[in-house]
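Colleague: Sharing data34.cif, mmCIF, C-alpha atoms:
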```cif
data_query
#
loop_
_atom_site.label_atom_id
_atom_site.label_comp_id
_atom_site.auth_asym_id
_atom_site.auth_seq_id
_atom_site.Cartn_x
_atom_site.Cartn_y
_atom_site.Cartn_z
CA MET A 218 0.00 0.00 0.00
CA SER A 219 1.36 3.43 -0.94
CA VAL A 220 1.81 6.23 1.59
CA ALA A 221 -0.94 8.25 -0.09
CA ARG A 222 -3.36 5.36 0.04
CA ALA A 223 -2.49 4.61 3.67
CA ARG A 224 -3.25 8.22 4.53
CA ARG A 225 -6.62 8.03 2.76
CA THR A 226 -7.47 4.84 4.65
CA LEU A 227 -6.56 6.38 8.01
CA ALA A 228 -8.37 9.59 7.14
CA ALA A 229 -11.54 7.61 6.46
CA ALA A 230 -11.26 5.98 9.88
CA GLU A 231 -10.27 9.18 11.70
CA PRO A 232 -11.38 12.22 9.67
CA GLY A 233 -9.05 15.20 10.00
CA ALA A 234 -6.39 13.23 11.85
CA VAL A 235 -3.94 12.58 9.00
CA THR A 236 -1.69 15.30 7.58
CA ASP A 237 1.77 15.58 6.04
CA SER A 238 3.13 16.12 9.54
CA ASP A 239 2.25 12.50 10.33
CA PHE A 240 5.17 11.35 8.18
CA VAL A 241 8.11 10.69 10.53
CA GLN A 242 11.22 11.36 8.49
CA SER A 243 13.58 10.10 11.17
CA LEU A 244 11.91 6.68 11.03
CA GLN A 245 12.25 6.68 7.26
CA ARG A 246 15.95 7.47 7.57
CA GLY A 247 16.53 4.81 10.21
CA LEU A 248 14.93 2.19 8.01
CA ALA A 249 17.01 3.40 5.05
CA VAL A 250 20.15 2.78 7.11
CA ILE A 251 19.04 -0.81 7.81
CA ARG A 252 18.17 -1.40 4.15
CA ALA A 253 21.60 -0.21 3.03
CA PHE A 254 22.91 -3.60 4.21
CA ASP A 255 22.26 -6.63 2.02
CA ALA A 256 23.94 -9.79 0.73
CA ASN A 257 26.30 -7.76 -1.44
CA ASN A 258 27.03 -5.25 1.34
CA PRO A 259 27.06 -7.13 4.67
CA ALA A 260 29.59 -4.75 6.25
CA LEU A 261 29.66 -0.99 5.67
CA SER A 262 31.66 1.89 7.03
CA LEU A 263 30.10 5.13 8.20
CA SER A 264 31.04 6.75 4.89
CA ASP A 265 29.49 3.84 2.96
CA VAL A 266 26.20 4.20 4.84
CA ALA A 267 26.13 7.97 4.38
CA ARG A 268 26.72 7.55 0.67
CA ALA A 269 24.14 4.77 0.23
CA THR A 270 21.40 6.63 2.11
CA GLY A 271 22.19 10.21 1.11
CA LEU A 272 22.47 11.18 4.77
CA ALA A 273 25.06 13.53 6.20
CA ARG A 274 27.83 11.69 8.04
CA ALA A 275 26.71 13.10 11.38
CA ALA A 276 23.14 11.91 10.86
CA ALA A 277 24.26 8.48 9.59
CA ARG A 278 26.51 8.15 12.66
CA ARG A 279 23.60 8.86 15.02
CA PHE A 280 21.37 6.28 13.36
CA LEU A 281 24.12 3.65 13.31
CA LEU A 282 25.02 4.14 16.97
CA THR A 283 21.35 4.05 17.95
CA LEU A 284 20.94 0.74 16.12
CA VAL A 285 24.07 -0.60 17.82
CA GLU A 286 22.66 0.45 21.22
CA LEU A 287 19.36 -1.28 20.44
CA GLY A 288 21.16 -4.46 19.39
CA TYR A 289 20.15 -4.40 15.72
CA MET A 290 23.71 -3.72 14.61
CA ARG A 291 27.28 -4.25 15.76
CA VAL A 292 30.56 -2.57 14.90
CA ASP A 293 33.90 -4.36 14.65
CA GLU A 294 37.35 -3.07 15.40
CA GLY A 295 37.79 -1.98 11.82
CA ARG A 296 34.85 0.39 12.29
CA LEU A 297 32.67 -1.61 9.95
CA PHE A 298 29.01 -1.95 10.86
CA ARG A 299 27.06 -5.18 10.44
CA LEU A 300 23.45 -6.18 11.08
CA THR A 301 22.77 -8.63 13.90
CA PRO A 302 20.20 -11.45 13.93
CA ARG A 303 17.93 -9.20 16.01
CA VAL A 304 16.79 -7.44 12.81
CA LEU A 305 14.82 -10.61 12.07
CA GLU A 306 12.49 -9.54 14.88
CA LEU A 307 11.28 -6.69 12.68
CA GLY A 308 9.82 -9.09 10.14
CA ARG A 309 8.67 -11.78 12.55
CA PRO A 310 5.24 -10.26 13.37
CA TYR A 311 4.39 -10.06 9.67
CA LEU A 312 5.54 -13.62 8.98
CA ALA A 313 3.75 -14.88 12.09
CA SER A 314 0.52 -13.29 10.89
CA LEU A 315 0.68 -15.11 7.58
CA THR A 316 -1.35 -18.30 7.55
CA LEU A 317 -1.16 -18.65 3.78
CA PRO A 318 2.50 -19.80 3.54
CA GLU A 319 1.98 -22.50 6.17
CA LEU A 320 -1.20 -23.58 4.46
CA ALA A 321 0.44 -23.63 1.03
CA ARG A 322 3.72 -25.35 1.94
CA PRO A 323 2.38 -28.96 1.97
CA HIS A 324 0.84 -28.41 -1.46
CA LEU A 325 4.07 -26.89 -2.78
CA ALA A 326 5.96 -29.88 -1.37
CA GLU A 327 3.58 -32.27 -3.12
CA LEU A 328 4.05 -30.36 -6.36
CA MET A 329 7.83 -30.47 -5.95
CA GLU A 330 7.74 -34.23 -5.42
CA SER A 331 5.55 -34.62 -8.49
CA VAL A 332 7.65 -32.59 -10.92
CA ARG A 333 11.01 -32.75 -9.08
CA GLU A 334 11.45 -28.98 -9.42
CA SER A 335 11.48 -26.17 -6.87
CA ALA A 336 8.13 -24.55 -6.00
CA THR A 337 7.72 -21.09 -4.51
CA MET A 338 5.10 -18.60 -3.35
CA ALA A 339 5.40 -14.80 -3.32
CA VAL A 340 3.37 -11.68 -2.60
CA LEU A 341 3.58 -8.23 -4.17
CA ASP A 342 5.14 -5.28 -2.34
CA GLU A 343 4.97 -2.14 -4.48
CA THR A 344 7.28 -2.91 -7.45
CA ASP A 345 8.90 -6.03 -5.93
CA ILE A 346 7.87 -9.54 -5.11
CA VAL A 347 8.70 -10.97 -1.69
CA TYR A 348 9.16 -14.73 -1.34
CA VAL A 349 7.09 -16.11 1.55
CA ALA A 350 7.31 -19.89 0.98
CA HIS A 351 9.77 -22.13 -0.86
CA VAL A 352 10.23 -25.87 -1.29
CA PRO A 353 13.54 -26.67 -3.01
CA ALA A 354 13.96 -29.58 -5.36
CA LYS A 355 15.85 -32.59 -4.03
CA ARG A 356 18.83 -32.35 -6.33
CA ILE A 357 22.48 -31.40 -5.95
CA MET A 358 22.03 -28.17 -7.89
CA SER A 359 18.69 -26.67 -6.91
CA ILE A 360 17.34 -23.13 -6.99
CA ALA A 361 18.00 -21.44 -3.65
CA ILE A 362 15.41 -18.97 -2.38
CA THR A 363 15.53 -17.28 1.02
CA ILE A 364 12.22 -16.30 2.63
CA GLY A 365 11.95 -12.51 2.59
CA THR A 366 14.16 -12.11 -0.49
CA ARG A 367 12.92 -9.62 -3.05
CA ASP A 368 13.06 -9.55 -6.85
CA PRO A 369 11.73 -6.99 -9.34
CA ALA A 370 8.15 -7.93 -10.17
CA PHE A 371 8.30 -6.94 -13.83
CA ALA A 372 11.01 -9.51 -14.67
CA THR A 373 9.57 -12.53 -12.83
CA ALA A 374 6.72 -14.90 -13.58
CA LEU A 375 5.42 -14.50 -10.03
CA GLY A 376 5.57 -10.73 -10.33
CA ARG A 377 3.79 -10.61 -13.67
CA VAL A 378 0.94 -12.72 -12.33
CA LEU A 379 0.64 -10.41 -9.33
CA LEU A 380 0.88 -7.25 -11.43
CA ALA A 381 -1.72 -8.60 -13.84
CA GLY A 382 -4.06 -9.07 -10.87
CA LEU A 383 -4.08 -5.33 -10.15
CA ASP A 384 -6.74 -2.99 -11.48
CA ASP A 385 -5.62 -0.83 -14.40
CA ASP A 386 -4.96 2.34 -12.41
CA THR A 387 -2.90 0.56 -9.75
CA LEU A 388 -1.01 -1.36 -12.42
CA GLN A 389 -0.04 1.78 -14.29
CA ARG A 390 1.14 3.45 -11.07
CA SER A 391 3.20 0.41 -10.23
CA LEU A 392 4.84 0.31 -13.65
CA ALA A 393 5.53 4.04 -13.50
CA GLY A 394 7.43 3.53 -10.26
CA ALA A 395 9.43 0.51 -11.44
CA ARG A 396 13.01 0.69 -12.67
CA LEU A 397 12.76 -1.20 -15.93
CA GLU A 398 16.40 -2.12 -16.37
CA PRO A 399 17.65 -5.20 -18.27
CA ILE A 400 18.82 -8.04 -16.02
CA THR A 401 19.66 -10.41 -18.87
CA PRO A 402 19.66 -9.78 -22.64
CA ARG A 403 16.15 -11.27 -22.71
CA THR A 404 14.60 -9.02 -20.06
CA LEU A 405 11.50 -7.20 -21.33
CA VAL A 406 11.95 -3.53 -20.44
CA GLU A 407 9.98 -1.60 -23.09
CA PRO A 408 6.92 -0.23 -21.23
CA ALA A 409 4.49 -0.80 -24.11
CA LYS A 410 5.62 -4.39 -24.65
CA LEU A 411 5.62 -5.12 -20.94
CA ASN A 412 2.10 -3.75 -20.57
CA ALA A 413 0.95 -5.88 -23.51
CA GLU A 414 2.52 -8.95 -21.90
CA LEU A 415 0.76 -8.22 -18.59
CA GLN A 416 -2.56 -7.92 -20.40
CA ARG A 417 -1.87 -11.31 -21.98
CA VAL A 418 -1.01 -12.79 -18.56
CA ARG A 419 -4.27 -11.38 -17.22
CA ARG A 420 -6.26 -13.01 -20.03
CA GLN A 421 -4.61 -16.42 -19.94
CA GLY A 422 -4.25 -16.74 -16.18
CA PHE A 423 -0.55 -17.62 -16.01
CA ALA A 424 2.88 -16.16 -16.74
CA LEU A 425 5.86 -17.86 -18.35
CA VAL A 426 9.18 -16.02 -18.13
CA ASP A 427 12.04 -17.40 -20.18
CA GLN A 428 15.51 -16.43 -18.90
CA GLU A 429 14.62 -12.80 -18.19
CA LEU A 430 15.69 -12.85 -14.52
CA GLU A 431 18.59 -15.26 -14.88
CA GLU A 432 20.25 -17.00 -17.82
CA GLY A 433 19.10 -20.60 -18.08
CA LEU A 434 16.14 -20.11 -15.73
CA ARG A 435 12.55 -20.53 -16.86
CA ALA A 436 9.65 -19.91 -14.49
CA LEU A 437 5.94 -20.56 -14.68
CA ALA A 438 3.49 -18.89 -12.26
CA VAL A 439 -0.25 -18.79 -11.56
CA PRO A 440 -2.25 -16.62 -9.15
CA LEU A 441 -3.93 -17.47 -5.87
CA HIS A 442 -7.30 -15.85 -5.16
CA ASP A 443 -9.30 -15.21 -2.03
CA GLU A 444 -13.05 -15.76 -1.76
CA HIS A 445 -13.70 -12.42 -3.47
CA GLY A 446 -11.60 -13.29 -6.53
CA THR A 447 -8.79 -10.95 -5.48
CA VAL A 448 -5.26 -12.07 -6.34
CA ILE A 449 -3.50 -12.35 -2.97
CA ALA A 450 -0.36 -14.30 -3.90
CA ALA A 451 1.20 -16.37 -6.66
CA ILE A 452 2.96 -19.71 -6.88
CA ASN A 453 5.53 -20.86 -9.39
CA VAL A 454 7.77 -23.64 -10.58
CA ALA A 455 11.28 -22.61 -11.61
CA VAL A 456 13.24 -24.92 -13.92
CA HIS A 457 16.48 -24.99 -15.88
CA SER A 458 16.17 -24.48 -19.62
CA SER A 459 18.37 -27.53 -20.26
CA ARG A 460 15.76 -29.78 -18.61
CA TRP A 461 12.50 -28.21 -19.74
CA SER A 462 11.45 -26.80 -23.09
CA VAL A 463 8.81 -24.08 -23.24
CA GLU A 464 6.43 -26.58 -24.85
CA ALA A 465 6.94 -29.12 -22.06
CA ILE A 466 6.40 -26.45 -19.44
CA ARG A 467 3.06 -25.53 -20.99
CA SER A 468 1.86 -29.09 -21.54
CA ASP A 469 3.09 -30.76 -18.35
CA LEU A 470 3.85 -28.20 -15.63
CA LEU A 471 1.00 -25.74 -16.22
CA PRO A 472 -1.88 -28.16 -15.48
CA ARG A 473 -0.10 -29.36 -12.33
CA LEU A 474 0.50 -25.80 -11.16
CA HIS A 475 -3.17 -24.94 -11.69
CA THR A 476 -4.17 -28.05 -9.74
CA THR A 477 -1.89 -27.00 -6.86
CA ALA A 478 -3.34 -23.48 -6.87
CA ALA A 479 -6.87 -24.89 -6.78
CA ALA A 480 -5.96 -27.11 -3.80
CA ILE A 481 -4.49 -24.17 -1.87
CA GLU A 482 -7.54 -22.04 -2.62
CA ALA A 483 -9.80 -24.86 -1.48
CA ASP A 484 -7.96 -24.91 1.86
CA LEU A 485 -8.50 -21.16 2.06
CA GLY A 486 -12.21 -21.76 1.71
CA VAL A 487 -12.45 -20.47 -1.84
CA SER A 488 -15.32 -22.13 -3.64
CA ALA A 489 -14.46 -24.38 -6.55
CA GLN A 490 -17.37 -22.75 -8.37
CA SER A 491 -15.44 -19.70 -9.51
CA ASP A 492 -15.49 -17.57 -12.62
CA ARG A 493 -12.29 -19.18 -13.85
CA PRO A 494 -12.71 -21.27 -16.97
CA ALA A 495 -12.00 -24.97 -16.96
CA LEU A 496 -8.61 -25.89 -18.35
CA PRO A 497 -8.54 -27.79 -21.64
CA ALA A 498 -5.72 -30.15 -22.55
CA GLY A 499 -2.45 -28.29 -22.44
CA GLY A 500 -3.47 -26.18 -19.49
CA ALA A 501 -4.45 -22.92 -21.19
CA PRO A 502 -7.77 -21.32 -20.22
CA ALA A 503 -10.57 -21.87 -22.70
CA GLN A 504 -11.54 -18.19 -22.57
CA PRO A 505 -10.10 -14.93 -21.22
CA LEU A 506 -9.82 -14.78 -17.46
CA ALA A 507 -11.88 -12.06 -15.83
CA LEU A 508 -9.72 -9.42 -14.18
CA PRO A 509 -9.84 -9.69 -10.40
CA ARG A 510 -9.55 -6.34 -8.61
CA SER A 511 -6.84 -5.91 -6.03
CA GLY A 512 -5.90 -3.34 -3.47
CA GLY A 513 -2.28 -3.16 -4.58
#
```
Could I get this file's structure written as structure tokens?
Modeller:
Amino acid sequence: MSVARARRTLAAAEPGAVTDSDFVQSLQRGLAVIRAFDANNPALSLSDVARATGLARAAARRFLLTLVELGYMRVDEGRLFRLTPRVLELGRPYLASLTLPELARPHLAELMESVRESATMAVLDETDIVYVAHVPAKRIMSIAITIGTRDPAFATALGRVLLAGLDDDTLQRSLAGARLEPITPRTLVEPAKLNAELQRVRRQGFALVDQELEEGLRALAVPLHDEHGTVIAAINVAVHSSRWSVEAIRSDLLPRLHTTAAAIEADLGVSAQSDRPALPAGGAPAQPLALPRSGG
């Protein structure tokens, strides 16, 4: 949910209570300091943090020392700052509130056993997807996904399914805020072509991304709906191009992925009598899929 939309929601609940002064810039800056650290930058100096966040050195120093005092960060003798495991506490309430990943995991595991490929679930957060469940394939070289990891939505099958589930206005705002930069030579970055692809995903009810996020990686995704038809998450199967052709993905993996999605939705209490068309042989919908409306 965007800041503007959050303000409108709060204003509806408490008229006259929400203004620009409700935005706490110091909190924003503190979170920016935490987000400056990632897998590629596990240890940063004061200068590194100031540069990454755009903060003055004095301000960056205050935030870093506050985080050290609170136990979310430590500093070594070389004056390099590192996050501590305590930062996981910040995401734990959200993960604990999610019943969907726990509900979906047995179905993803069954799918993985059936096709011997990794299965994953993600949700949309602005212009990114966030992985909330993952069952890796039982092979020496399998696709590794860490819960909470983010990827750009526009370049992933999961993301395209989730973007296609948005209403038109929300979709256009999301695309306008996305950095459409090529990740591989195959990545679709032209706005008009990407929009056309998302409309196609919306009609057919699935997304197939061929080596746009990573060379040699093909991914197939379908949406998960709640009882109102709103797209709330997406599940996928990610495979190596040397093992699966695009044709085999469509003919074999797609029907199984739809079956898994239907089983998860059934556990959520979603009626099997939905507006979604029955799948003919080959897994493609017999008619265009009605656009479910989402809150973003």
Colleague: Convert the output of the PyMOL selection byres ((chain A and resi 338-352) around 9) on the shown file into explicit residues, formatted as a VMD selection string.
Modeller: chain A and resid 218 to 219 312 315 317 to 319 321 to 322 325 to 326 329 334 to 337 353 to 354 361 to 371 373 375 to 376 379 to 380 391 to 392 394 to 396 449 to 453 513
Colleague: Any idea what the distance is between CA of Ala393 in chain A and CA of Glu414 in chain A?
Modeller: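 Taking CA of Ala393 in chain A and CA of Glu414 in chain A, their separation equals 15.8 Å.
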Colleague: Applying the PyMOL selection byres ((chain A and resi 296) around 9) to the file I just gave you, which residues come out? Please list them as a PDB file with C-alpha atoms, in the frame of the given file.
Modeller:
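Final file, result-v7.pdb:
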```
ATOM      1  CA  LEU A 261      29.660  -0.990   5.670  1.00  0.00           C
ATOM      2  CA  SER A 262      31.660   1.890   7.030  1.00  0.00           C
ATOM      3  CA  LEU A 263      30.100   5.130   8.200  1.00  0.00           C
ATOM      4  CA  VAL A 292      30.560  -2.570  14.900  1.00  0.00           C
ATOM      5  CA  ASP A 293      33.900  -4.360  14.650  1.00  0.00           C
ATOM      6  CA  GLU A 294      37.350  -3.070  15.400  1.00  0.00           C
ATOM      7  CA  GLY A 295      37.790  -1.980  11.820  1.00  0.00           C
ATOM      8  CA  LEU A 297      32.670  -1.610   9.950  1.00  0.00           C
ATOM      9  CA  PHE A 298      29.010  -1.950  10.860  1.00  0.00           C
TER      10      PHE A 298
END
```
Colleague: Do you have the CA of Glu286 in chain A-CA of Glu306 in chain A distance handy?
Modeller: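 According to the coordinates, CA of Glu286 in chain A and CA of Glu306 in chain A are separated by 15.6 Å.
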Colleague: CA of Ala372 in chain A and CA of Gln245 in chain A, how far apart in Å?
Modeller: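 Result for CA of Gln245 in chain A versus CA of Ala372 in chain A: 27.3 Å, one decimal.
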Colleague: Which residues would end up in the selection if the PyMOL selection byres ((chain A and resi 435) around 12) were applied here, given that I need the answer as JSON, numbers by chain?
Modeller: {"A": [334, 335, 360, 372, 373, 374, 375, 403, 424, 425, 426, 427, 428, 429, 430, 431, 432, 433, 434, 436, 437, 438, 453, 454, 455, 456, 457, 458, 459, 460, 461, 462, 463, 464, 465, 466, 467, 470]}
Colleague: Which of these residues is nearest to Gly382 in chain A, using all atoms listed in the file: A:Asp443, A:Glu407, A:Glu330, A:Glu398?
Modeller: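 So, comparing all the options, the nearest one is A:Asp443.
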Colleague: When you count only C-alpha atoms, which of these residues is closest to Asp484 in chain A: A:Leu320, A:Val266, A:Leu415, A:Leu441?
Modeller: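 Answer, going by the shortest atom-to-atom distance: A:Leu320.
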Colleague: Could you rebuild range 289-305 of chain A with N, CA and C atoms and give it back as an mmCIF file, in the frame of the given file?
Modeller:
```cif
data_model
loop_
_atom_site.group_PDB
_atom_site.id
_atom_site.type_symbol
_atom_site.label_atom_id
_atom_site.label_comp_id
_atom_site.auth_asym_id
_atom_site.auth_seq_id
_atom_site.Cartn_x
_atom_site.Cartn_y
_atom_site.Cartn_z
ATOM 1 N N TYR A 289 20.444 -4.022 17.105
ATOM 2 C CA TYR A 289 20.150 -4.400 15.720
ATOM 3 C C TYR A 289 21.400 -4.372 14.844
ATOM 4 N N MET A 290 22.488 -3.857 15.372
ATOM 5 C CA MET A 290 23.710 -3.720 14.610
ATOM 6 C C MET A 290 24.903 -3.832 15.551
ATOM 7 N N ARG A 291 26.042 -4.224 14.984
ATOM 8 C CA ARG A 291 27.280 -4.250 15.760
ATOM 9 C C ARG A 291 28.374 -3.588 14.929
ATOM 10 N N VAL A 292 29.444 -3.190 15.592
ATOM 11 C CA VAL A 292 30.560 -2.570 14.900
ATOM 12 C C VAL A 292 31.832 -3.284 15.312
ATOM 13 N N ASP A 293 32.665 -3.648 14.326
ATOM 14 C CA ASP A 293 33.900 -4.360 14.650
ATOM 15 C C ASP A 293 35.050 -3.377 14.821
ATOM 16 N N GLU A 294 36.211 -3.925 15.110
ATOM 17 C CA GLU A 294 37.350 -3.070 15.400
ATOM 18 C C GLU A 294 37.796 -2.250 14.200
ATOM 19 N N GLY A 295 37.446 -2.730 13.023
ATOM 20 C CA GLY A 295 37.790 -1.980 11.820
ATOM 21 C C GLY A 295 36.801 -0.896 11.489
ATOM 22 N N ARG A 296 35.889 -0.638 12.430
ATOM 23 C CA ARG A 296 34.850 0.390 12.290
ATOM 24 C C ARG A 296 33.893 0.080 11.150
ATOM 25 N N LEU A 297 33.675 -1.201 10.921
ATOM 26 C CA LEU A 297 32.670 -1.610 9.950
ATOM 27 C C LEU A 297 31.417 -2.063 10.698
ATOM 28 N N PHE A 298 30.285 -1.616 10.232
ATOM 29 C CA PHE A 298 29.010 -1.950 10.860
ATOM 30 C C PHE A 298 28.391 -3.157 10.172
ATOM 31 N N ARG A 299 27.742 -4.003 10.965
ATOM 32 C CA ARG A 299 27.060 -5.180 10.440
ATOM 33 C C ARG A 299 25.721 -5.346 11.166
ATOM 34 N N LEU A 300 24.730 -5.866 10.450
ATOM 35 C CA LEU A 300 23.450 -6.180 11.080
ATOM 36 C C LEU A 300 23.625 -7.390 11.988
ATOM 37 N N THR A 301 22.794 -7.467 13.016
ATOM 38 C CA THR A 301 22.770 -8.630 13.900
ATOM 39 C C THR A 301 21.488 -9.422 13.647
ATOM 40 N N PRO A 302 21.424 -10.648 14.127
ATOM 41 C CA PRO A 302 20.200 -11.450 13.930
ATOM 42 C C PRO A 302 18.951 -10.797 14.508
ATOM 43 N N ARG A 303 19.111 -9.827 15.419
ATOM 44 C CA ARG A 303 17.930 -9.200 16.010
ATOM 45 C C ARG A 303 17.051 -8.506 14.976
ATOM 46 N N VAL A 304 17.622 -8.111 13.827
ATOM 47 C CA VAL A 304 16.790 -7.440 12.810
ATOM 48 C C VAL A 304 15.686 -8.357 12.320
ATOM 49 N N LEU A 305 15.870 -9.672 12.482
ATOM 50 C CA LEU A 305 14.820 -10.610 12.070
ATOM 51 C C LEU A 305 13.546 -10.390 12.871
#
```
